[in-house]
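S.K.: Structure file target_27.cif, mmCIF, C-alpha atoms and all ligand atoms, is pasted below:
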data_protein
#
loop_
_atom_site.group_PDB
_atom_site.id
_atom_site.type_symbol
_atom_site.label_atom_id
_atom_site.label_comp_id
_atom_site.auth_asym_id
_atom_site.auth_seq_id
_atom_site.Cartn_x
_atom_site.Cartn_y
_atom_site.Cartn_z
ATOM 1 C CA MET A 172 90.096 111.478 109.434
ATOM 2 C CA ASP A 173 88.108 108.356 108.644
ATOM 3 C CA TYR A 174 85.576 108.194 105.800
ATOM 4 C CA ASN A 175 85.278 104.581 104.929
ATOM 5 C CA GLY A 176 88.069 102.118 105.509
ATOM 6 C CA VAL A 177 91.487 103.498 106.267
ATOM 7 C CA VAL A 178 91.871 107.078 105.081
ATOM 8 C CA GLU A 179 94.686 109.431 105.986
ATOM 9 C CA VAL A 180 94.995 113.060 105.019
ATOM 10 C CA SER A 181 98.445 114.643 104.999
ATOM 11 C CA ARG A 182 100.016 117.763 103.575
ATOM 12 C CA ASP A 183 102.515 117.602 100.712
ATOM 13 C CA LYS A 184 105.670 119.717 100.590
ATOM 14 C CA ASN A 185 103.761 122.529 98.836
ATOM 15 C CA GLY A 186 101.135 122.659 101.595
ATOM 16 C CA ILE A 187 98.458 120.899 99.519
ATOM 17 C CA ASP A 188 96.464 118.114 101.162
ATOM 18 C CA GLU A 189 96.568 114.616 99.787
ATOM 19 C CA ILE A 190 94.489 111.630 100.765
ATOM 20 C CA LEU A 191 95.708 108.092 101.183
ATOM 21 C CA LEU A 192 93.126 105.340 100.787
ATOM 22 C CA ARG A 193 94.033 101.814 101.772
ATOM 23 C CA ASN A 194 92.031 98.595 101.613
ATOM 24 C CA PRO A 195 92.230 95.891 104.285
ATOM 25 C CA ARG A 196 94.866 93.960 102.308
ATOM 26 C CA GLY A 197 97.123 97.002 102.045
ATOM 27 C CA ALA A 198 96.560 98.066 98.416
ATOM 28 C CA SER A 199 96.394 101.851 98.268
ATOM 29 C CA THR A 200 95.824 104.959 96.214
ATOM 30 C CA ARG A 201 96.935 108.525 96.877
ATOM 31 C CA VAL A 202 94.939 111.515 95.621
ATOM 32 C CA SER A 203 96.038 115.146 95.681
ATOM 33 C CA LEU A 204 93.566 117.970 96.151
ATOM 34 C CA TYR A 205 95.637 119.713 93.481
ATOM 35 C CA GLY A 206 93.717 118.781 90.350
ATOM 36 C CA GLY A 207 91.773 116.042 92.180
ATOM 37 C CA GLN A 208 94.561 113.981 90.726
ATOM 38 C CA VAL A 209 95.315 110.371 91.587
ATOM 39 C CA LEU A 210 99.085 110.292 91.953
ATOM 40 C CA SER A 211 99.643 106.732 93.059
ATOM 41 C CA TRP A 212 98.015 103.318 92.928
ATOM 42 C CA ARG A 213 99.860 100.528 94.669
ATOM 43 C CA THR A 214 99.354 96.820 95.108
ATOM 44 C CA ASP A 215 99.277 95.218 98.534
ATOM 45 C CA GLN A 216 102.988 94.534 97.932
ATOM 46 C CA GLY A 217 103.595 98.287 97.692
ATOM 47 C CA GLU A 218 104.346 98.232 93.962
ATOM 48 C CA GLU A 219 103.407 101.335 91.995
ATOM 49 C CA LEU A 220 101.105 100.929 88.977
ATOM 50 C CA LEU A 221 100.991 104.528 87.742
ATOM 51 C CA PHE A 222 103.784 106.556 86.203
ATOM 52 C CA THR A 223 104.728 110.050 87.330
ATOM 53 C CA SER A 224 107.495 112.005 85.607
ATOM 54 C CA SER A 225 110.583 112.688 87.697
ATOM 55 C CA LYS A 226 110.274 116.259 86.354
ATOM 56 C CA ALA A 227 106.681 116.707 87.518
ATOM 57 C CA ILE A 228 105.889 119.907 89.421
ATOM 58 C CA PHE A 229 103.142 119.519 92.009
ATOM 59 C CA LYS A 230 101.866 123.053 92.466
ATOM 60 C CA PRO A 231 100.021 125.800 90.585
ATOM 61 C CA PRO A 232 100.237 126.915 87.845
ATOM 62 C CA ASN A 233 101.699 123.682 86.458
ATOM 63 C CA PRO A 234 99.660 120.597 85.647
ATOM 64 C CA VAL A 235 101.173 117.450 87.177
ATOM 65 C CA ARG A 236 102.640 115.150 84.524
ATOM 66 C CA GLY A 237 101.711 111.713 85.821
ATOM 67 C CA GLY A 238 99.091 109.698 87.648
ATOM 68 C CA ILE A 239 95.549 110.439 86.421
ATOM 69 C CA PRO A 240 95.030 114.102 85.478
ATOM 70 C CA ILE A 241 91.363 115.096 85.101
ATOM 71 C CA CYS A 242 90.745 117.073 81.910
ATOM 72 C CA PHE A 243 87.645 119.232 82.377
ATOM 73 C CA PRO A 244 85.624 121.090 81.088
ATOM 74 C CA GLN A 245 87.563 120.669 77.874
ATOM 75 C CA PHE A 246 89.740 117.897 76.507
ATOM 76 C CA GLY A 247 92.757 118.979 74.469
ATOM 77 C CA ASN A 248 92.295 122.049 72.305
ATOM 78 C CA ARG A 249 88.695 121.381 71.341
ATOM 79 C CA GLY A 250 87.396 124.676 72.655
ATOM 80 C CA ALA A 251 88.400 128.154 73.731
ATOM 81 C CA LEU A 252 89.842 127.160 77.115
ATOM 82 C CA GLU A 253 93.423 126.292 77.997
ATOM 83 C CA HIS A 254 94.696 122.844 76.983
ATOM 84 C CA HIS A 255 92.724 120.143 78.869
ATOM 85 C CA GLY A 256 90.678 122.768 80.760
ATOM 86 C CA PHE A 257 91.282 124.235 84.204
ATOM 87 C CA ALA A 258 90.235 121.440 86.603
ATOM 88 C CA ARG A 259 93.692 119.831 86.732
ATOM 89 C CA LYS A 260 95.163 123.122 87.979
ATOM 90 C CA LYS A 261 92.616 123.860 90.703
ATOM 91 C CA VAL A 262 92.675 122.947 94.354
ATOM 92 C CA TRP A 263 89.655 120.739 95.030
ATOM 93 C CA ILE A 264 88.021 120.209 98.428
ATOM 94 C CA ILE A 265 87.066 117.079 100.346
ATOM 95 C CA ASP A 266 83.376 116.446 100.913
ATOM 96 C CA ASP A 267 83.236 115.298 104.541
ATOM 97 C CA ASN A 268 79.693 114.053 104.166
ATOM 98 C CA PRO A 269 79.366 112.505 100.694
ATOM 99 C CA PRO A 270 75.932 111.412 99.501
ATOM 100 C CA PRO A 271 75.559 107.743 98.567
ATOM 101 C CA LEU A 272 76.286 106.901 94.978
ATOM 102 C CA GLN A 273 74.079 103.834 94.646
ATOM 103 C CA PRO A 274 72.846 101.431 97.326
ATOM 104 C CA ASN A 275 75.725 99.211 98.447
ATOM 105 C CA ASP A 276 78.140 100.980 96.132
ATOM 106 C CA SER A 277 80.608 101.725 98.889
ATOM 107 C CA ASN A 278 80.563 98.177 100.275
ATOM 108 C CA GLY A 279 84.103 96.993 100.864
ATOM 109 C CA LYS A 280 85.599 100.137 99.380
ATOM 110 C CA SER A 281 87.799 102.768 100.870
ATOM 111 C CA TYR A 282 86.818 105.997 99.182
ATOM 112 C CA VAL A 283 86.774 109.768 99.237
ATOM 113 C CA ASP A 284 84.641 112.344 97.412
ATOM 114 C CA LEU A 285 86.327 115.493 96.111
ATOM 115 C CA LEU A 286 84.482 118.568 94.910
ATOM 116 C CA LEU A 287 85.310 121.312 92.453
ATOM 117 C CA LYS A 288 83.157 124.409 92.036
ATOM 118 C CA PRO A 289 83.978 127.330 89.749
ATOM 119 C CA SER A 290 85.671 130.410 91.176
ATOM 120 C CA GLU A 291 84.741 133.932 90.032
ATOM 121 C CA ASP A 292 87.706 133.815 87.644
ATOM 122 C CA ASP A 293 86.612 130.435 86.254
ATOM 123 C CA LEU A 294 83.122 131.814 85.616
ATOM 124 C CA LYS A 295 84.604 134.665 83.603
ATOM 125 C CA LEU A 296 86.375 132.147 81.376
ATOM 126 C CA TRP A 297 83.615 129.541 81.328
ATOM 127 C CA PRO A 298 80.276 130.973 82.498
ATOM 128 C CA HIS A 299 78.615 127.782 83.701
ATOM 129 C CA SER A 300 77.684 126.992 87.277
ATOM 130 C CA PHE A 301 78.715 123.427 87.894
ATOM 131 C CA GLU A 302 79.678 121.137 90.700
ATOM 132 C CA PHE A 303 82.111 118.364 89.850
ATOM 133 C CA ARG A 304 82.085 115.485 92.316
ATOM 134 C CA LEU A 305 84.856 112.952 91.900
ATOM 135 C CA ARG A 306 84.797 109.748 93.884
ATOM 136 C CA VAL A 307 88.060 107.838 94.104
ATOM 137 C CA ALA A 308 87.895 104.381 95.650
ATOM 138 C CA ILE A 309 90.093 101.382 96.206
ATOM 139 C CA THR A 310 88.112 98.146 96.247
ATOM 140 C CA ALA A 311 88.552 95.107 98.471
ATOM 141 C CA GLU A 312 90.401 93.439 95.543
ATOM 142 C CA GLY A 313 92.733 96.417 95.081
ATOM 143 C CA ASN A 314 91.060 97.789 91.939
ATOM 144 C CA LEU A 315 90.955 101.542 91.476
ATOM 145 C CA ALA A 316 87.505 103.019 90.799
ATOM 146 C CA MET A 317 86.762 106.592 89.755
ATOM 147 C CA VAL A 318 83.305 108.085 89.359
ATOM 148 C CA SER A 319 82.683 111.615 88.083
ATOM 149 C CA ARG A 320 79.384 113.402 88.556
ATOM 150 C CA ILE A 321 78.910 116.819 86.966
ATOM 151 C CA ARG A 322 75.936 118.795 88.230
ATOM 152 C CA ASN A 323 74.440 121.829 86.545
ATOM 153 C CA ILE A 324 73.446 124.125 89.385
ATOM 154 C CA ASN A 325 71.490 126.625 87.362
ATOM 155 C CA CYS A 326 68.989 126.239 84.547
ATOM 156 C CA LYS A 327 71.183 126.998 81.569
ATOM 157 C CA PRO A 328 72.341 123.924 79.636
ATOM 158 C CA PHE A 329 76.072 123.631 78.981
ATOM 159 C CA SER A 330 78.423 121.326 77.135
ATOM 160 C CA PHE A 331 81.724 119.949 78.317
ATOM 161 C CA SER A 332 84.218 117.204 77.680
ATOM 162 C CA ILE A 333 86.053 115.204 80.299
ATOM 163 C CA ALA A 334 88.988 112.807 80.203
ATOM 164 C CA TYR A 335 90.922 110.642 82.636
ATOM 165 C CA HIS A 336 94.392 111.195 81.230
ATOM 166 C CA THR A 337 95.896 108.065 82.755
ATOM 167 C CA TYR A 338 99.614 107.319 82.810
ATOM 168 C CA PHE A 339 100.095 103.589 83.386
ATOM 169 C CA SER A 340 103.413 102.222 84.487
ATOM 170 C CA ILE A 341 104.792 99.557 82.123
ATOM 171 C CA SER A 342 108.104 97.815 81.480
ATOM 172 C CA ASP A 343 108.984 98.952 77.956
ATOM 173 C CA ILE A 344 106.823 100.629 75.318
ATOM 174 C CA ASN A 345 108.005 98.090 72.717
ATOM 175 C CA GLU A 346 106.559 95.307 74.856
ATOM 176 C CA VAL A 347 103.081 96.779 75.128
ATOM 177 C CA ARG A 348 99.928 96.030 73.190
ATOM 178 C CA VAL A 349 96.484 97.588 73.602
ATOM 179 C CA GLU A 350 93.353 95.599 72.791
ATOM 180 C CA GLY A 351 89.814 96.872 72.427
ATOM 181 C CA LEU A 352 90.449 99.547 69.798
ATOM 182 C CA GLU A 353 90.390 97.257 66.738
ATOM 183 C CA THR A 354 88.357 98.516 63.751
ATOM 184 C CA LEU A 355 87.553 101.828 65.441
ATOM 185 C CA ASP A 356 87.900 105.174 63.754
ATOM 186 C CA TYR A 357 90.359 107.570 65.313
ATOM 187 C CA LEU A 358 91.525 111.147 64.987
ATOM 188 C CA ASP A 359 95.284 111.358 64.622
ATOM 189 C CA ASN A 360 96.718 114.327 66.500
ATOM 190 C CA LEU A 361 99.995 113.873 64.625
ATOM 191 C CA CYS A 362 98.130 114.415 61.296
ATOM 192 C CA GLU A 363 96.050 117.458 62.208
ATOM 193 C CA ARG A 364 93.291 115.255 63.615
ATOM 194 C CA GLU A 365 92.660 113.512 60.331
ATOM 195 C CA ARG A 366 90.276 110.581 60.675
ATOM 196 C CA PHE A 367 91.515 107.031 60.045
ATOM 197 C CA THR A 368 90.289 103.518 60.770
ATOM 198 C CA GLU A 369 92.324 101.164 62.932
ATOM 199 C CA GLN A 370 93.379 98.230 60.777
ATOM 200 C CA GLY A 371 95.477 95.996 63.017
ATOM 201 C CA ASP A 372 94.377 93.355 65.504
ATOM 202 C CA ALA A 373 95.851 95.199 68.432
ATOM 203 C CA LEU A 374 97.684 98.453 68.871
ATOM 204 C CA THR A 375 101.458 98.327 69.314
ATOM 205 C CA PHE A 376 103.920 101.222 69.443
ATOM 206 C CA GLU A 377 106.811 101.606 67.028
ATOM 207 C CA SER A 378 106.882 105.390 67.063
ATOM 208 C CA GLU A 379 104.998 108.240 68.699
ATOM 209 C CA VAL A 380 101.235 107.715 68.819
ATOM 210 C CA ASP A 381 98.761 110.479 69.734
ATOM 211 C CA ARG A 382 95.189 109.579 68.795
ATOM 212 C CA VAL A 383 91.606 109.817 69.922
ATOM 213 C CA TYR A 384 89.602 106.648 69.257
ATOM 214 C CA LEU A 385 85.943 107.263 68.617
ATOM 215 C CA SER A 386 83.040 105.368 70.170
ATOM 216 C CA SER A 387 85.247 102.920 71.988
ATOM 217 C CA SER A 388 83.940 99.828 73.742
ATOM 218 C CA ASP A 389 83.624 99.769 77.500
ATOM 219 C CA VAL A 390 86.602 97.478 78.094
ATOM 220 C CA ILE A 391 90.180 98.125 77.046
ATOM 221 C CA ALA A 392 93.184 96.001 77.942
ATOM 222 C CA VAL A 393 96.829 97.051 78.100
ATOM 223 C CA PHE A 394 99.156 94.046 77.884
ATOM 224 C CA ASP A 395 102.718 94.283 79.070
ATOM 225 C CA HIS A 396 104.498 91.286 77.543
ATOM 226 C CA GLN A 397 107.735 91.773 79.393
ATOM 227 C CA ARG A 398 105.993 91.844 82.751
ATOM 228 C CA LYS A 399 103.389 89.323 81.591
ATOM 229 C CA ARG A 400 100.782 91.561 83.127
ATOM 230 C CA THR A 401 97.571 93.160 81.889
ATOM 231 C CA PHE A 402 95.697 96.262 82.926
ATOM 232 C CA GLN A 403 91.994 96.078 82.273
ATOM 233 C CA ILE A 404 90.065 99.330 82.137
ATOM 234 C CA ARG A 405 86.304 99.252 82.259
ATOM 235 C CA LYS A 406 84.080 102.281 81.827
ATOM 236 C CA GLU A 407 80.378 102.974 82.141
ATOM 237 C CA GLY A 408 78.200 106.001 81.604
ATOM 238 C CA LEU A 409 79.212 108.768 79.286
ATOM 239 C CA PRO A 410 79.792 107.854 75.662
ATOM 240 C CA ASP A 411 83.071 108.564 74.004
ATOM 241 C CA VAL A 412 83.848 111.428 71.723
ATOM 242 C CA GLY A 413 82.034 111.170 68.433
ATOM 243 C CA LYS A 414 78.642 110.606 70.041
ATOM 244 C CA ASN A 415 77.204 113.941 70.991
ATOM 245 C CA SER A 416 74.638 113.204 73.611
ATOM 246 C CA LEU A 417 72.251 115.259 75.606
ATOM 247 C CA PHE A 418 72.056 114.504 79.297
ATOM 248 C CA HIS A 419 69.459 115.571 81.786
ATOM 249 C CA SER A 420 70.336 116.275 85.383
ATOM 250 C CA GLN A 421 73.530 114.626 86.477
ATOM 251 C CA PRO A 422 75.566 112.531 84.082
ATOM 252 C CA THR A 423 77.851 110.053 85.741
ATOM 253 C CA SER A 424 80.886 108.410 84.297
ATOM 254 C CA SER A 425 82.740 105.702 86.084
ATOM 255 C CA PHE A 426 86.001 103.935 85.563
ATOM 256 C CA LEU A 427 87.353 100.814 87.077
ATOM 257 C CA PHE A 428 91.029 100.093 86.729
ATOM 258 C CA PHE A 429 91.561 96.423 87.523
ATOM 259 C CA LEU A 430 94.538 95.420 89.544
ATOM 260 C CA PRO A 431 97.073 93.494 87.494
ATOM 261 C CA SER A 432 98.554 90.531 89.289
ATOM 262 C CA GLU A 433 102.057 91.960 89.171
ATOM 263 C CA ASN A 434 103.660 95.321 88.581
ATOM 264 C CA PHE A 435 105.271 97.635 86.109
ATOM 265 C CA ASN A 436 108.249 99.909 86.087
ATOM 266 C CA HIS A 437 108.182 102.566 83.444
ATOM 267 C CA HIS A 438 105.374 104.362 81.688
ATOM 268 C CA SER A 439 103.017 103.820 78.825
ATOM 269 C CA PRO A 440 101.519 106.496 76.638
ATOM 270 C CA PRO A 441 98.544 108.008 78.398
ATOM 271 C CA LEU A 442 95.336 106.177 77.731
ATOM 272 C CA LYS A 443 92.525 108.680 77.644
ATOM 273 C CA PHE A 444 88.793 108.383 77.752
ATOM 274 C CA GLN A 445 86.724 111.394 76.995
ATOM 275 C CA THR A 446 83.313 112.544 76.033
ATOM 276 C CA PRO A 447 81.451 115.611 74.912
ATOM 277 C CA ALA A 448 78.243 116.081 76.849
ATOM 278 C CA THR A 449 75.521 118.598 77.466
ATOM 279 C CA VAL A 450 74.010 118.942 80.907
ATOM 280 C CA ARG A 451 70.621 120.275 81.809
ATOM 281 C CA SER A 452 69.636 120.999 85.357
HETATM 282 O O1 LIG B 1 101.267 118.502 78.161
HETATM 283 P P1 LIG B 1 99.824 118.315 78.487
HETATM 284 O O2 LIG B 1 99.022 119.595 78.397
HETATM 285 O O3 LIG B 1 99.649 117.626 79.824
HETATM 286 O O4 LIG B 1 99.240 117.341 77.412
HETATM 287 C C1 LIG B 1 99.726 116.038 77.290
HETATM 288 C C2 LIG B 1 99.137 115.358 76.075
HETATM 289 O O5 LIG B 1 97.735 115.468 76.141
HETATM 290 C C3 LIG B 1 97.036 114.769 75.135
HETATM 291 O O6 LIG B 1 97.306 113.423 75.238
HETATM 292 C C4 LIG B 1 97.416 115.275 73.775
HETATM 293 O O7 LIG B 1 96.789 114.485 72.780
HETATM 294 C C5 LIG B 1 98.895 115.212 73.618
HETATM 295 O O8 LIG B 1 99.236 115.814 72.379
HETATM 296 C C6 LIG B 1 99.584 115.946 74.750
HETATM 297 O O9 LIG B 1 100.964 115.801 74.616
#
Can you turn what I pasted into structure tokens?
M.R.:
Amino acid sequence: MDYNGVVEVSRDKNGIDEILLRNPRGASTRVSLYGGQVLSWRTDQGEELLFTSSKAIFKPPNPVRGGIPICFPQFGNRGALEHHGFARKKVWIIDDNPPPLQPNDSNGKSYVDLLLKPSEDDLKLWPHSFEFRLRVAITAEGNLAMVSRIRNINCKPFSFSIAYHTYFSISDINEVRVEGLETLDYLDNLCERERFTEQGDALTFESEVDRVYLSSSDVIAVFDHQRKRTFQIRKEGLPDVGKNSLFHSQPTSSFLFFLPSENFNHHSPPLKFQTPATVRS
């Protein structure tokens, strides 16, 4: 199967299809239809940039611990649904004929569009007719790009939250620093979501950290001192949690994960981006 650039579809050991995207230089990403989840992102040298737990289970009803789980239509426990919503535990489908995103958007990219629509059971739990279109692309430079489009396919407005629950691969948690969160307020999940303000210049990790930063900027950097490498994450579109916004028609959120010049071995805490949103058809 060939969508744009080199694309291969194969079946994993549980019988679930996964898609391999590769750019002309050989950088690649692998996406499972289970959860629409990116499971791998590799440089042109074949080095893995995402972490997946050795204990991960890749079939229903378990969410896969690793890569980039998609939390939708709920992040965490902020609602009546199961933790992080149901999308990460559903089998998505490939759209063989994806509509263009923007003129020239697909230039030089190898990409695939995945779709999730609610089942009868989903509608009983969450009675909103939606279509979730996720585009995963690997750029000519080897960057990983993800674009989510949520469409309301009836007239009733609904609210949702979404997160890319990314597990980056890093050398050693003690060697990592995150920049771009300075001075922001955050909700600390280890203190019953109490609100604090970030005081330091950059975030480092001496013990467990589980927080949601509010109204974050559009660029975050994860420095790995041991590897002397930096991940840069750039987002556009939906605002972060803390800004309740009303969207008309089809909100789009996009993420670009820039290729670091070298690679990483272990894993960092997941870096999450999320938003509450309301959609009107
Ligand atoms: O175990 P999961 O449902 O995949 O959740 C994994 C993690 O998700 C979020 O990051 C929460 O803030 C964490 O408290 C939780 O451990």
S.K.: Using all atoms listed in the file, which of the listed residues (A:Phe329, A:Tyr338, A:Tyr282, A:Trp297) sits closest to ligand LIG 1 (chain B)?
M.R.: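 Looking at the shortest contact to ligand LIG 1 (chain B), the residue is A:Tyr338.
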S.K.: If we count all atoms listed in the file and set the cut-off at 12 Å, which residues sit around A:Phe376, ignoring sequence neighbours fewer than 4 positions away in its own chain? Please answer as a ChimeraX atom specification.
M.R.: /A:343-349,371,380-381,393,395,439-440
S.K.: From the set A:Val178, A:Leu358, A:Ala392, A:Ile309, which residue has the shortest atom-to-atom contact distance to ligand LIG 1 (chain B), counting only C-alpha atoms and all ligand atoms?
M.R.: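 The shortest atom-to-atom distance to ligand LIG 1 (chain B) comes from A:Leu358.
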S.K.: Counting only C-alpha atoms and all ligand atoms, name the residues that have an atom within 7 Å of an atom of ligand LIG 1 (chain B); the answer should be given as a ChimeraX atom specification.
M.R.: /A:234,236,247,254-255,360,381-382,441
S.K.: Smallest atom-to-atom distance to A:Leu221: which of A:Cys362, A:His336, A:Leu296, A:Met317, using all atoms listed in the file?
M.R.: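 Of all the options, A:His336 lies closest to A:Leu221.
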S.K.: Considering all atoms listed in the file, return as a ChimeraX atom specification whatever protein or nucleic-acid residues lie within 8 Å of A:Gln216, sequence-local ones (same chain, fewer than 3 positions apart) excluded.
M.R.: /A:197-198,213
S.K.: Check the smallest atom-to-atom distance from each of A:Gln370, A:Ser319, A:Ser224, A:Asn268 to A:Leu355 using only C-alpha atoms, then report the winner.
M.R.: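 Nearest to A:Leu355: A:Gln370.
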S.K.: Which residues match the PyMOL selection byres (((chain A and resi 293) around 12) and not hetatm) in the file above, as a list of chain:residue names?
M.R.: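 Going through the file, the PyMOL selection byres (((chain A and resi 293) around 12) and not hetatm) ends up selecting A:Phe243, A:Pro244, A:Leu252, A:Glu253, A:Gly256, A:Phe257, A:Ala258, A:Lys260, A:Lys261, A:Leu287, A:Lys288, A:Pro289, A:Ser290, A:Glu291, A:Asp292, A:Leu294, A:Lys295, A:Leu296, A:Trp297, A:Pro298, A:His299, A:Ser300, A:Phe301.
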S.K.: Compare A:Pro195, A:Phe303, A:Phe246, A:Leu204 by their minimum atom-to-atom distance to A:Arg182, counting all atoms listed in the file, and give me the closest one.
M.R.: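 Checking each candidate against A:Arg182, we get A:Leu204 as the closest.
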S.K.: Calculate how many Å separate atom CA of A:Arg405 from atom CA of A:Ser388, rounding to one decimal.
M.R.: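 For atom CA of A:Arg405 relative to atom CA of A:Ser388, the distance reads 8.9 Å.
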S.K.: Find the distance between atom CA of A:Thr375 and atom CA of A:Leu352 and write it in Å to one decimal.
M.R.: 11.1 Å
S.K.: With distances taken over all atoms listed in the file, which of A:Phe367, A:Ser332, A:Ser340, A:Ser281 is nearest to A:Glu218?
M.R.: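 The shortest atom-to-atom distance to A:Glu218 comes from A:Ser340.
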S.K.: Rounded to one decimal in Å, what is the spacing between atom CA of A:Pro271 and atom CA of A:Asp284?
M.R.: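 According to the coordinates, atom CA of A:Pro271 and atom CA of A:Asp284 are separated by 10.2 Å.
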S.K.: Within 10 Å of (94.7, 95.9, 105.5), in the coordinates the file gives, what residues turn up when you count all atoms listed in the file, written out as a PyMOL selection string?
M.R.: chain A and resi 176-177+193-199+215+311
